[in-house]
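Chemist: Next comes structure.txt, compact mmCIF, C-alpha atoms and all ligand atoms:
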# COMPACT_ATOMS: atom_id res chain seq x y z
CA MET A 8 221.16 -20.57 -185.29
CA ILE A 9 219.08 -17.57 -186.32
CA TYR A 10 220.40 -15.21 -188.99
CA THR A 11 218.83 -11.89 -189.85
CA VAL A 12 219.66 -10.12 -193.10
CA THR A 13 219.20 -6.38 -193.45
CA PHE A 14 220.18 -5.29 -196.94
CA ASN A 15 219.60 -1.68 -196.09
CA PRO A 16 220.44 -0.93 -192.43
CA ALA A 17 219.78 2.58 -191.16
CA LEU A 18 220.40 4.98 -188.39
CA ASP A 19 216.93 5.96 -187.27
CA TYR A 20 217.00 9.67 -186.44
CA ILE A 21 213.90 10.15 -184.32
CA THR A 22 212.95 13.74 -183.68
CA ASP A 23 210.10 15.22 -181.63
CA VAL A 24 208.37 18.16 -183.27
CA PRO A 25 205.04 18.57 -181.47
CA ASP A 26 203.62 20.95 -184.06
CA PHE A 27 205.35 19.95 -187.28
CA ARG A 28 204.71 22.33 -190.18
CA GLU A 29 205.64 21.45 -193.70
CA GLY A 30 207.59 24.17 -195.53
CA GLU A 31 208.71 25.95 -192.34
CA ILE A 32 211.71 25.85 -190.01
CA ASN A 33 210.68 23.50 -187.25
CA ARG A 34 212.54 23.18 -183.93
CA SER A 35 212.67 19.81 -182.31
CA CYS A 36 212.38 19.32 -178.57
CA GLY A 37 214.13 15.96 -178.45
CA GLU A 38 216.21 13.77 -180.72
CA LYS A 39 217.80 10.38 -180.62
CA ILE A 40 219.64 8.14 -183.00
CA LEU A 41 219.21 4.37 -182.96
CA SER A 42 220.60 1.58 -185.09
CA GLY A 43 217.75 0.25 -187.17
CA GLY A 44 216.57 -1.58 -190.22
CA LYS A 45 214.18 -4.48 -189.97
CA GLY A 46 216.52 -7.45 -189.56
CA ILE A 47 218.67 -5.52 -187.10
CA ASN A 48 215.65 -4.68 -184.94
CA VAL A 49 214.63 -8.34 -185.02
CA SER A 50 218.12 -9.34 -183.82
CA ILE A 51 218.03 -6.79 -180.99
CA VAL A 52 214.63 -7.90 -179.71
CA LEU A 53 215.57 -11.59 -180.03
CA LYS A 54 218.59 -10.83 -177.86
CA ASN A 55 216.39 -9.00 -175.36
CA LEU A 56 214.22 -12.13 -175.26
CA GLY A 57 217.24 -14.32 -174.60
CA LEU A 58 217.84 -15.67 -178.12
CA GLU A 59 221.13 -15.44 -180.00
CA SER A 60 221.19 -14.48 -183.65
CA THR A 61 223.72 -13.10 -186.09
CA ALA A 62 222.85 -9.87 -187.89
CA LEU A 63 224.03 -9.89 -191.50
CA GLY A 64 223.75 -7.27 -194.22
CA PHE A 65 225.63 -4.39 -195.78
CA ILE A 66 226.98 -1.30 -194.05
CA ALA A 67 228.90 1.66 -195.43
CA GLY A 68 230.75 4.72 -194.16
CA PHE A 69 230.60 6.35 -190.72
CA THR A 70 226.87 5.74 -190.47
CA GLY A 71 227.52 2.06 -191.08
CA ASP A 72 230.16 2.01 -188.32
CA GLU A 73 227.70 3.58 -185.90
CA ILE A 74 224.98 1.10 -186.88
CA GLU A 75 227.34 -1.77 -186.12
CA ARG A 76 228.43 -0.24 -182.80
CA GLY A 77 224.79 0.26 -181.81
CA VAL A 78 223.75 -3.31 -182.62
CA ARG A 79 226.73 -4.74 -180.78
CA SER A 80 225.98 -2.61 -177.72
CA PHE A 81 222.94 -4.86 -177.21
CA GLY A 82 225.22 -7.89 -177.17
CA CYS A 83 224.14 -9.04 -180.66
CA ASN A 84 226.49 -10.93 -182.94
CA THR A 85 227.09 -9.19 -186.26
CA ASP A 86 228.86 -10.18 -189.45
CA PHE A 87 228.12 -7.22 -191.69
CA ILE A 88 229.75 -6.83 -195.09
CA LYS A 89 231.41 -3.42 -195.41
CA LEU A 90 230.97 -1.53 -198.66
CA ASN A 91 233.98 0.46 -199.87
CA SER A 92 231.98 3.53 -200.81
CA GLY A 93 228.69 5.26 -200.00
CA LEU A 94 226.91 5.69 -196.71
CA SER A 95 224.38 3.61 -194.87
CA ARG A 96 221.18 5.62 -194.83
CA ILE A 97 219.77 7.84 -192.09
CA ASN A 98 216.01 7.39 -191.81
CA LEU A 99 214.15 10.38 -190.49
CA LYS A 100 211.23 9.73 -188.13
CA ILE A 101 209.28 12.83 -187.09
CA ARG A 102 207.12 12.39 -184.02
CA SER A 103 204.37 14.98 -184.12
CA LYS A 104 200.60 14.60 -184.02
CA HIS A 105 201.29 11.76 -186.43
CA GLU A 106 204.49 9.84 -187.04
CA THR A 107 206.11 10.64 -190.37
CA ALA A 108 208.99 8.65 -191.81
CA VAL A 109 211.41 9.45 -194.60
CA ASN A 110 213.43 6.31 -195.32
CA GLY A 111 216.55 6.73 -197.44
CA GLY A 112 217.36 4.75 -200.58
CA GLY A 113 220.65 3.39 -199.29
CA PRO A 114 224.05 2.85 -200.89
CA LEU A 115 224.85 1.05 -204.08
CA ILE A 116 225.76 -2.56 -203.42
CA PRO A 117 228.23 -3.90 -206.00
CA ARG A 118 227.86 -7.40 -207.45
CA GLU A 119 230.94 -8.76 -205.66
CA LYS A 120 229.49 -7.76 -202.28
CA ILE A 121 226.23 -9.57 -203.05
CA ASP A 122 228.31 -12.62 -203.90
CA GLU A 123 229.99 -12.26 -200.50
CA LEU A 124 226.56 -12.41 -198.86
CA PHE A 125 225.65 -15.48 -200.94
CA SER A 126 228.79 -17.17 -199.76
CA GLN A 127 228.03 -16.30 -196.10
CA LEU A 128 224.55 -17.74 -196.52
CA SER A 129 225.83 -20.90 -198.16
CA GLY A 130 227.20 -21.74 -194.70
CA LEU A 131 223.69 -22.07 -193.25
CA SER A 132 222.67 -25.57 -192.24
CA ASP A 133 219.50 -27.58 -191.77
CA GLY A 134 217.55 -26.31 -188.76
CA ASP A 135 218.74 -22.71 -189.08
CA ILE A 136 216.29 -19.82 -189.28
CA LEU A 137 216.78 -17.04 -191.81
CA VAL A 138 215.00 -13.71 -191.46
CA LEU A 139 215.04 -11.55 -194.61
CA ALA A 140 213.69 -8.20 -193.59
CA GLY A 141 213.26 -4.74 -195.00
CA SER A 142 213.69 -2.98 -198.29
CA ILE A 143 216.59 -3.42 -200.65
CA PRO A 144 218.44 -0.44 -202.13
CA PRO A 145 216.84 0.70 -205.40
CA SER A 146 219.95 -0.32 -207.34
CA LEU A 147 219.15 -4.00 -206.71
CA PRO A 148 216.61 -6.06 -208.68
CA ALA A 149 213.29 -7.01 -207.06
CA ASP A 150 214.21 -10.70 -207.35
CA THR A 151 217.11 -10.35 -204.91
CA TYR A 152 215.40 -12.24 -202.06
CA GLU A 153 214.23 -14.82 -204.57
CA THR A 154 217.80 -15.41 -205.75
CA ILE A 155 218.91 -15.97 -202.15
CA LEU A 156 216.14 -18.44 -201.42
CA GLU A 157 216.64 -20.32 -204.69
CA ARG A 158 220.20 -21.05 -203.58
CA LEU A 159 219.04 -22.29 -200.18
CA GLN A 160 216.08 -24.39 -201.20
CA GLU A 161 217.85 -27.73 -200.78
CA LYS A 162 218.41 -26.97 -197.10
CA LYS A 163 215.81 -27.35 -194.36
CA ILE A 164 215.86 -23.75 -193.26
CA ARG A 165 212.90 -21.91 -191.78
CA ILE A 166 212.42 -18.67 -193.69
CA VAL A 167 210.85 -15.49 -192.36
CA VAL A 168 210.28 -12.62 -194.77
CA ASP A 169 209.24 -9.14 -193.70
CA ALA A 170 209.16 -7.21 -196.92
CA THR A 171 206.64 -5.55 -199.18
CA GLY A 172 205.28 -5.78 -202.73
CA GLN A 173 207.08 -7.75 -205.39
CA LEU A 174 210.05 -8.50 -203.13
CA LEU A 175 207.70 -10.53 -200.95
CA LEU A 176 205.42 -11.95 -203.66
CA ASN A 177 208.46 -13.33 -205.49
CA VAL A 178 209.46 -15.53 -202.55
CA LEU A 179 206.12 -17.03 -201.54
CA LYS A 180 206.84 -20.08 -203.71
CA PHE A 181 209.66 -20.95 -201.29
CA ARG A 182 207.01 -21.50 -198.61
CA PRO A 183 208.22 -19.00 -196.01
CA PHE A 184 207.36 -20.09 -192.46
CA LEU A 185 206.26 -16.56 -191.59
CA ILE A 186 205.41 -13.34 -193.37
CA LYS A 187 204.22 -10.26 -191.50
CA PRO A 188 202.46 -7.69 -193.63
CA ASN A 189 200.67 -4.82 -191.95
CA ARG A 190 197.22 -3.94 -193.23
CA GLU A 191 198.43 -1.49 -195.91
CA GLU A 192 201.04 -3.96 -197.12
CA LEU A 193 198.44 -6.74 -197.32
CA GLU A 194 196.17 -4.43 -199.31
CA GLU A 195 199.04 -3.66 -201.68
CA LEU A 196 199.78 -7.38 -202.07
CA SER A 197 196.19 -8.30 -202.73
CA GLY A 198 195.47 -5.24 -204.87
CA ARG A 199 192.29 -4.30 -203.02
CA VAL A 200 191.06 -2.38 -200.02
CA LEU A 201 190.33 -4.80 -197.19
CA LYS A 202 187.30 -4.00 -195.10
CA GLY A 203 187.09 -5.92 -191.87
CA GLU A 204 188.61 -9.11 -190.61
CA LYS A 205 186.83 -11.47 -193.04
CA GLU A 206 188.41 -9.77 -196.04
CA ILE A 207 191.81 -9.73 -194.32
CA ILE A 208 191.57 -13.47 -193.68
CA LEU A 209 190.53 -14.16 -197.29
CA ALA A 210 193.48 -12.12 -198.56
CA CYS A 211 195.77 -14.19 -196.31
CA LYS A 212 194.33 -17.42 -197.71
CA ASP A 213 195.18 -16.16 -201.21
CA LEU A 214 198.79 -15.67 -200.08
CA GLN A 215 198.79 -19.15 -198.55
CA ALA A 216 197.67 -20.51 -201.92
CA LEU A 217 200.82 -18.91 -203.33
CA GLY A 218 202.97 -20.66 -200.72
CA ALA A 219 203.10 -18.62 -197.50
CA CYS A 220 202.73 -20.80 -194.37
CA ASN A 221 201.88 -18.50 -191.45
CA ILE A 222 200.66 -14.99 -192.11
CA LEU A 223 200.73 -12.54 -189.26
CA VAL A 224 198.87 -9.37 -190.16
CA SER A 225 199.75 -6.55 -187.83
CA LEU A 226 197.06 -3.96 -187.30
CA GLY A 227 198.88 -1.35 -185.20
CA GLY A 228 196.81 -0.34 -182.17
CA ASP A 229 194.08 -2.79 -183.29
CA GLY A 230 196.28 -5.81 -182.61
CA ALA A 231 196.83 -8.58 -185.12
CA ILE A 232 195.42 -11.58 -186.97
CA LEU A 233 197.31 -14.82 -187.55
CA VAL A 234 196.20 -17.12 -190.35
CA SER A 235 198.19 -20.22 -189.56
CA GLU A 236 199.49 -23.08 -191.66
CA THR A 237 197.39 -25.49 -189.62
CA GLY A 238 194.21 -23.70 -190.72
CA GLY A 239 193.64 -21.94 -187.40
CA VAL A 240 192.86 -18.24 -187.38
CA TYR A 241 193.80 -16.26 -184.27
CA GLN A 242 192.83 -12.72 -183.58
CA SER A 243 193.71 -10.44 -180.72
CA ALA A 244 193.38 -6.82 -179.77
CA ALA A 245 196.57 -5.04 -178.75
CA PRO A 246 197.16 -4.50 -175.05
CA ARG A 247 196.34 -1.00 -173.89
CA GLY A 248 199.08 1.42 -172.94
CA LYS A 249 200.61 4.79 -173.68
CA VAL A 250 202.13 4.78 -177.13
CA VAL A 251 205.60 6.31 -177.06
CA ASN A 252 207.40 5.14 -180.19
CA THR A 253 206.07 2.73 -182.80
CA VAL A 254 209.29 2.59 -184.87
CA GLY A 255 210.31 -1.05 -184.76
CA ALA A 256 206.98 -2.33 -183.37
CA GLY A 257 206.48 -4.58 -186.40
CA ASP A 258 210.03 -5.92 -186.22
CA SER A 259 209.60 -6.57 -182.50
CA MET A 260 206.47 -8.52 -183.31
CA VAL A 261 208.42 -10.76 -185.71
CA ALA A 262 211.08 -11.35 -183.03
CA GLY A 263 208.41 -12.04 -180.39
CA PHE A 264 206.62 -14.49 -182.68
CA LEU A 265 209.84 -16.41 -183.31
CA ALA A 266 210.83 -16.42 -179.65
CA GLY A 267 207.34 -17.55 -178.61
CA TYR A 268 207.28 -20.26 -181.26
CA LEU A 269 210.71 -21.62 -180.43
CA ARG A 270 209.72 -22.10 -176.79
CA ASN A 271 207.14 -24.88 -177.38
CA LYS A 272 206.52 -24.86 -181.14
CA SER A 273 203.08 -23.47 -180.33
CA LEU A 274 201.52 -21.04 -182.81
CA PRO A 275 199.09 -19.50 -180.27
CA GLU A 276 202.00 -18.85 -177.93
CA ALA A 277 204.00 -17.36 -180.81
CA PHE A 278 201.06 -15.11 -181.66
CA ARG A 279 200.64 -13.82 -178.11
CA THR A 280 204.34 -13.23 -177.66
CA GLY A 281 204.48 -11.41 -181.00
CA ILE A 282 201.71 -9.04 -179.99
CA ALA A 283 203.23 -8.50 -176.55
CA ALA A 284 206.65 -7.70 -178.08
CA GLY A 285 205.16 -5.34 -180.69
CA SER A 286 203.11 -3.48 -178.12
CA ALA A 287 205.93 -3.42 -175.54
CA SER A 288 208.09 -1.67 -178.14
CA ALA A 289 205.28 0.75 -179.00
CA PHE A 290 204.94 1.62 -175.30
CA SER A 291 208.63 2.27 -174.81
CA GLU A 292 211.23 4.75 -176.11
CA ASN A 293 213.44 1.89 -177.26
CA LEU A 294 212.81 -1.61 -178.53
CA ALA A 295 211.09 -3.92 -176.06
CA THR A 296 213.14 -5.50 -173.31
CA GLY A 297 212.51 -9.03 -172.07
CA LYS A 298 211.01 -7.68 -168.86
CA GLU A 299 208.60 -5.39 -170.71
CA VAL A 300 207.40 -8.24 -172.91
CA SER A 301 206.87 -10.58 -169.92
CA ALA A 302 204.96 -7.88 -168.06
CA LEU A 303 202.59 -7.32 -171.00
CA LEU A 304 202.14 -11.05 -171.57
CA LYS A 305 200.87 -11.37 -168.01
CA THR A 306 198.16 -8.80 -168.74
CA MET A 307 196.95 -10.68 -171.84
CA LYS A 308 194.27 -13.35 -171.71
CA GLY A 309 194.61 -16.85 -173.14
N1 LIG A 401 199.25 2.06 -180.98
C1 LIG A 401 199.57 0.82 -180.56
N2 LIG A 401 199.06 0.33 -179.41
C2 LIG A 401 199.32 -0.91 -178.98
N3 LIG A 401 200.10 -1.77 -179.69
C3 LIG A 401 200.64 -1.35 -180.85
C4 LIG A 401 200.41 -0.03 -181.35
N4 LIG A 401 201.06 0.10 -182.53
C5 LIG A 401 201.67 -1.08 -182.74
N5 LIG A 401 201.42 -1.96 -181.75
C6 LIG A 401 201.83 -3.37 -181.63
O1 LIG A 401 202.87 -3.66 -182.53
C7 LIG A 401 202.41 -4.56 -183.55
C8 LIG A 401 203.01 -4.18 -184.89
O2 LIG A 401 202.64 -2.85 -185.19
P1 LIG A 401 202.30 -2.32 -186.65
O3 LIG A 401 202.29 -0.83 -186.54
O4 LIG A 401 201.07 -2.96 -187.15
O5 LIG A 401 203.55 -2.87 -187.48
P2 LIG A 401 204.42 -2.15 -188.61
O6 LIG A 401 205.38 -1.28 -187.83
O7 LIG A 401 205.12 -3.27 -189.29
O8 LIG A 401 203.47 -1.38 -189.47
C9 LIG A 401 200.88 -4.49 -183.50
O9 LIG A 401 200.27 -5.65 -184.00
C10 LIG A 401 200.64 -4.27 -182.01
O10 LIG A 401 200.78 -5.49 -181.29
O1 LIG A 402 213.78 -1.20 -195.04
P1 LIG A 402 212.61 -0.26 -194.92
O2 LIG A 402 211.34 -0.84 -195.42
O3 LIG A 402 212.91 1.09 -195.50
O4 LIG A 402 212.34 -0.05 -193.37
C1 LIG A 402 213.37 0.41 -192.53
C2 LIG A 402 212.81 1.09 -191.33
O5 LIG A 402 211.90 0.23 -190.68
C3 LIG A 402 212.32 0.00 -189.34
O6 LIG A 402 213.01 -1.24 -189.32
C4 LIG A 402 211.11 -0.03 -188.44
O7 LIG A 402 210.17 -0.95 -188.96
P2 LIG A 402 208.78 -1.26 -188.25
O8 LIG A 402 208.33 0.01 -187.58
O9 LIG A 402 207.90 -1.73 -189.36
O10 LIG A 402 209.05 -2.34 -187.26
C5 LIG A 402 213.26 1.12 -188.98
O11 LIG A 402 214.22 0.77 -188.02
C6 LIG A 402 213.87 1.47 -190.32
O12 LIG A 402 214.12 2.85 -190.40
Write out the structure in this file as structure tokens.
Ligand SMILES: Nc1ncnc2c1ncn2[C@@H]1O[C@H](COP(=O)(O)OP(=O)(O)O)[C@@H](O)[C@H]1O
Ligand SMILES: O=P(O)(O)OC[C@H]1O[C@](O)(COP(=O)(O)O)[C@@H](O)[C@@H]1O

Modeler:
Amino acid sequence: MIYTVTFNPALDYITDVPDFREGEINRSCGEKILSGGKGINVSIVLKNLGLESTALGFIAGFTGDEIERGVRSFGCNTDFIKLNSGLSRINLKIRSKHETAVNGGGPLIPREKIDELFSQLSGLSDGDILVLAGSIPPSLPADTYETILERLQEKKIRIVVDATGQLLLNVLKFRPFLIKPNREELEELSGRVLKGEKEIILACKDLQALGACNILVSLGGDGAILVSETGGVYQSAAPRGKVVNTVGAGDSMVAGFLAGYLRNKSLPEAFRTGIAAGSASAFSENLATGKEVSALLKTMKG
């Protein structure tokens, strides 16, 4: 079974403001609200690709209820822990000449609710896949993912971590099967500006030395690079298309990679499916559907 954990789910409020001006009253010409947060998006795209998962994490207040309703409307299984106070965040995404995001901090998660999550996760068994994705509310320590993985290390669970900075660095020693930094995140992790693919690959090798198995570096419209645990390096441009909404493209890529890998345990196939899923989401208003991913895959070589 696949489990995704989103500590800090969100309603993504996506608004179109063609000529956004800071410091002025702007009028939008289109809005929509989607359930989001990294693990949740992974669960939705997995479902669209025909794979069951259970979305775990913390939700609070009316925004939390709406997040849960939204995820379930895709047919996903959820087992969220409800907080007794606070509100799940609303993340603002302004689509203008550029995309601007304001992601909220999220509610306070009390100790007993974290313990509830630990006890849910203690039910995982050998062969399960655990996706830890997204930020944690600022009230939680940066070793939160580490604490989870420490408790699970006796089990043969494949771990996927899509997080940034210290949250990610702290868990590399648990040998995550997959991490997916984008270029900026990889630069932050390696503490240097990375010019060109050679430097990106070297930075990935440094992370492998710390424990990461497969590192999928997403490069937005420039595609992606996979530095694999078997030593192979794969690189691909992104398919061409009209970009409509890149929110969730990275999460879709993680879901696509997993779905592609689970088909034949082939890393090249995982890589291609990851890129196709990321780009299919970028080319669509909503997260990629199975049909959209298959259609893009057919246009890709290899
Ligand atoms: N402008 C784009 N054109 C085509 N594909 C894109 C575009 N932006 C994102 N993608 C696809 O989605 C993947 C993940 O996007 P990226 O923006 O790098 O992730 P993140 O959202 O995590 O920063 C890319 O590797 C690519 O396959
Ligand atoms: O937990 P974080 O890092 O604040 O990110 C949450 C945001 O990222 C998203 O999961 C989208 O992520 P990607 O565009 O990287 O795939 C949104 O749904 C959500 O608003």

Chemist: Restricting the calculation to all atoms listed in the file: of A:Pro183, A:Pro114, A:Pro16, A:Gly255, which residue gets closest to ligand LIG 402 (chain A)?

Modeler: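 Distance minimum relative to ligand LIG 402 (chain A) lands on A:Gly255.
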
Chemist: Which is closer to ligand LIG 402 (chain A) than all the others in A:Val224, A:Ile143, A:Leu174, A:Val138, using all atoms listed in the file?

Modeler: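 Nearest candidate to ligand LIG 402 (chain A) out of A:Val224, A:Ile143, A:Leu174, A:Val138: A:Ile143.
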
Chemist: Counting only C-alpha atoms and all ligand atoms, which of A:Leu94, A:Ile21, A:Leu115, A:Ala287 gets nearest to ligand LIG 401 (chain A)?

Modeler: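 Of the candidates, the smallest distance to ligand LIG 401 (chain A) is held by A:Ala287.
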
Chemist: For chain A against ligand LIG 402 (chain A), with a cut-off of 8 Å and counting all atoms listed in the file, what is the closest atom pair and its distance in Å to one decimal for every residue that makes the cut, ordered by chain and number, as CSV?

Modeler:
residue,atom,partner,partner_atom,distance
A:Thr13,CA,A:LIG402,O1,7.7
A:Phe14,CA,A:LIG402,O1,7.8
A:Asn15,CA,A:LIG402,O1,5.9
A:Pro16,CA,A:LIG402,O1,7.2
A:Ala17,CA,A:LIG402,O12,5.7
A:Leu18,CA,A:LIG402,O12,6.9
A:Asp19,CA,A:LIG402,O12,5.2
A:Leu41,CA,A:LIG402,O11,8.0
A:Ser42,CA,A:LIG402,O11,7.1
A:Gly43,CA,A:LIG402,O11,3.7
A:Gly44,CA,A:LIG402,O6,3.7
A:Lys45,CA,A:LIG402,O6,3.5
A:Gly46,CA,A:LIG402,O6,7.1
A:Ile47,CA,A:LIG402,O6,7.4
A:Asn48,CA,A:LIG402,O6,6.2
A:Ile97,CA,A:LIG402,O12,7.7
A:Asn98,CA,A:LIG402,O12,5.1
A:Leu99,CA,A:LIG402,O12,7.5
A:Lys100,CA,A:LIG402,O12,7.8
A:Ala108,CA,A:LIG402,O12,7.9
A:Asn110,CA,A:LIG402,O3,5.2
A:Gly111,CA,A:LIG402,O3,7.0
A:Gly112,CA,A:LIG402,O3,7.7
A:Ala140,CA,A:LIG402,O1,7.1
A:Gly141,CA,A:LIG402,O1,3.6
A:Ser142,CA,A:LIG402,O1,3.7
A:Ile143,CA,A:LIG402,O1,6.7
A:Ala170,CA,A:LIG402,O2,6.9
A:Thr171,CA,A:LIG402,O2,7.6
A:Thr253,CA,A:LIG402,O8,5.9
A:Val254,CA,A:LIG402,O8,3.9
A:Gly255,CA,A:LIG402,O10,3.1
A:Ala256,CA,A:LIG402,O10,4.4
A:Gly257,CA,A:LIG402,O10,3.5
A:Asp258,CA,A:LIG402,O10,3.9
A:Ser259,CA,A:LIG402,O10,6.4
A:Met260,CA,A:LIG402,O10,7.8

Chemist: A:Ile166, A:Cys36, A:Val49, A:Leu131: which is nearest ligand LIG 401 (chain A), counting all atoms listed in the file?

Modeler: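 Residue with the minimum atom-to-atom distance to ligand LIG 401 (chain A): A:Val49.
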
Chemist: Name each residue within 8 Å of ligand LIG 401 (chain A), counting all atoms listed in the file, as a PDB file with C-alpha atoms, in the coordinates of the input.

Modeler:
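Output contents, as saved in out_35.pdb:
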ATOM      1  CA  LYS A 187     204.220 -10.260-191.500  1.00  0.00           C
ATOM      2  CA  PRO A 188     202.460  -7.690-193.630  1.00  0.00           C
ATOM      3  CA  ASN A 189     200.670  -4.820-191.950  1.00  0.00           C
ATOM      4  CA  ARG A 190     197.220  -3.940-193.230  1.00  0.00           C
ATOM      5  CA  VAL A 224     198.870  -9.370-190.160  1.00  0.00           C
ATOM      6  CA  SER A 225     199.750  -6.550-187.830  1.00  0.00           C
ATOM      7  CA  LEU A 226     197.060  -3.960-187.300  1.00  0.00           C
ATOM      8  CA  GLY A 227     198.880  -1.350-185.200  1.00  0.00           C
ATOM      9  CA  GLY A 228     196.810  -0.340-182.170  1.00  0.00           C
ATOM     10  CA  ASP A 229     194.080  -2.790-183.290  1.00  0.00           C
ATOM     11  CA  GLY A 230     196.280  -5.810-182.610  1.00  0.00           C
ATOM     12  CA  ALA A 231     196.830  -8.580-185.120  1.00  0.00           C
ATOM     13  CA  ALA A 244     193.380  -6.820-179.770  1.00  0.00           C
ATOM     14  CA  ALA A 245     196.570  -5.040-178.750  1.00  0.00           C
ATOM     15  CA  PRO A 246     197.160  -4.500-175.050  1.00  0.00           C
ATOM     16  CA  ARG A 247     196.340  -1.000-173.890  1.00  0.00           C
ATOM     17  CA  GLY A 248     199.080   1.420-172.940  1.00  0.00           C
ATOM     18  CA  LYS A 249     200.610   4.790-173.680  1.00  0.00           C
ATOM     19  CA  VAL A 250     202.130   4.780-177.130  1.00  0.00           C
ATOM     20  CA  THR A 253     206.070   2.730-182.800  1.00  0.00           C
ATOM     21  CA  VAL A 254     209.290   2.590-184.870  1.00  0.00           C
ATOM     22  CA  GLY A 255     210.310  -1.050-184.760  1.00  0.00           C
ATOM     23  CA  ALA A 256     206.980  -2.330-183.370  1.00  0.00           C
ATOM     24  CA  GLY A 257     206.480  -4.580-186.400  1.00  0.00           C
ATOM     25  CA  ASP A 258     210.030  -5.920-186.220  1.00  0.00           C
ATOM     26  CA  SER A 259     209.600  -6.570-182.500  1.00  0.00           C
ATOM     27  CA  MET A 260     206.470  -8.520-183.310  1.00  0.00           C
ATOM     28  CA  GLY A 281     204.480 -11.410-181.000  1.00  0.00           C
ATOM     29  CA  ILE A 282     201.710  -9.040-179.990  1.00  0.00           C
ATOM     30  CA  ALA A 283     203.230  -8.500-176.550  1.00  0.00           C
ATOM     31  CA  ALA A 284     206.650  -7.700-178.080  1.00  0.00           C
ATOM     32  CA  GLY A 285     205.160  -5.340-180.690  1.00  0.00           C
ATOM     33  CA  SER A 286     203.110  -3.480-178.120  1.00  0.00           C
ATOM     34  CA  ALA A 287     205.930  -3.420-175.540  1.00  0.00           C
ATOM     35  CA  SER A 288     208.090  -1.670-178.140  1.00  0.00           C
ATOM     36  CA  ALA A 289     205.280   0.750-179.000  1.00  0.00           C
ATOM     37  CA  PHE A 290     204.940   1.620-175.300  1.00  0.00           C
TER      38      PHE A 290
END

Chemist: Could you jot down the CA of Arg270 in chain A to CA of Asn84 in chain A separation for me, Å, one decimal place?

Modeler: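 Answer for the CA of Arg270 in chain A to CA of Asn84 in chain A separation: 21.1 Å.
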
Chemist: For Cys220 in chain A, which residue among A:Tyr152, A:Val167, A:Leu175, A:Leu63 is the nearest when counting all atoms listed in the file?

Modeler: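 Smallest separation from Cys220 in chain A among the options: A:Val167.
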
Chemist: Using only C-alpha atoms, which residue out of A:Cys83, A:Ala277, A:Cys211, A:Leu137 lies closest to Gly57 in chain A?

Modeler: A:Cys83

Chemist: Could you write out as lines of an AutoDock Vina configuration file the box around range 216-219 of chain A (axis-aligned, all atoms listed in the file, 6 Å on each side), with centre and edge lengths in Å to one decimal?

Modeler:
center_x = 200.4
center_y = -19.6
center_z = -200.4
size_x = 17.4
size_y = 14.0
size_z = 17.8
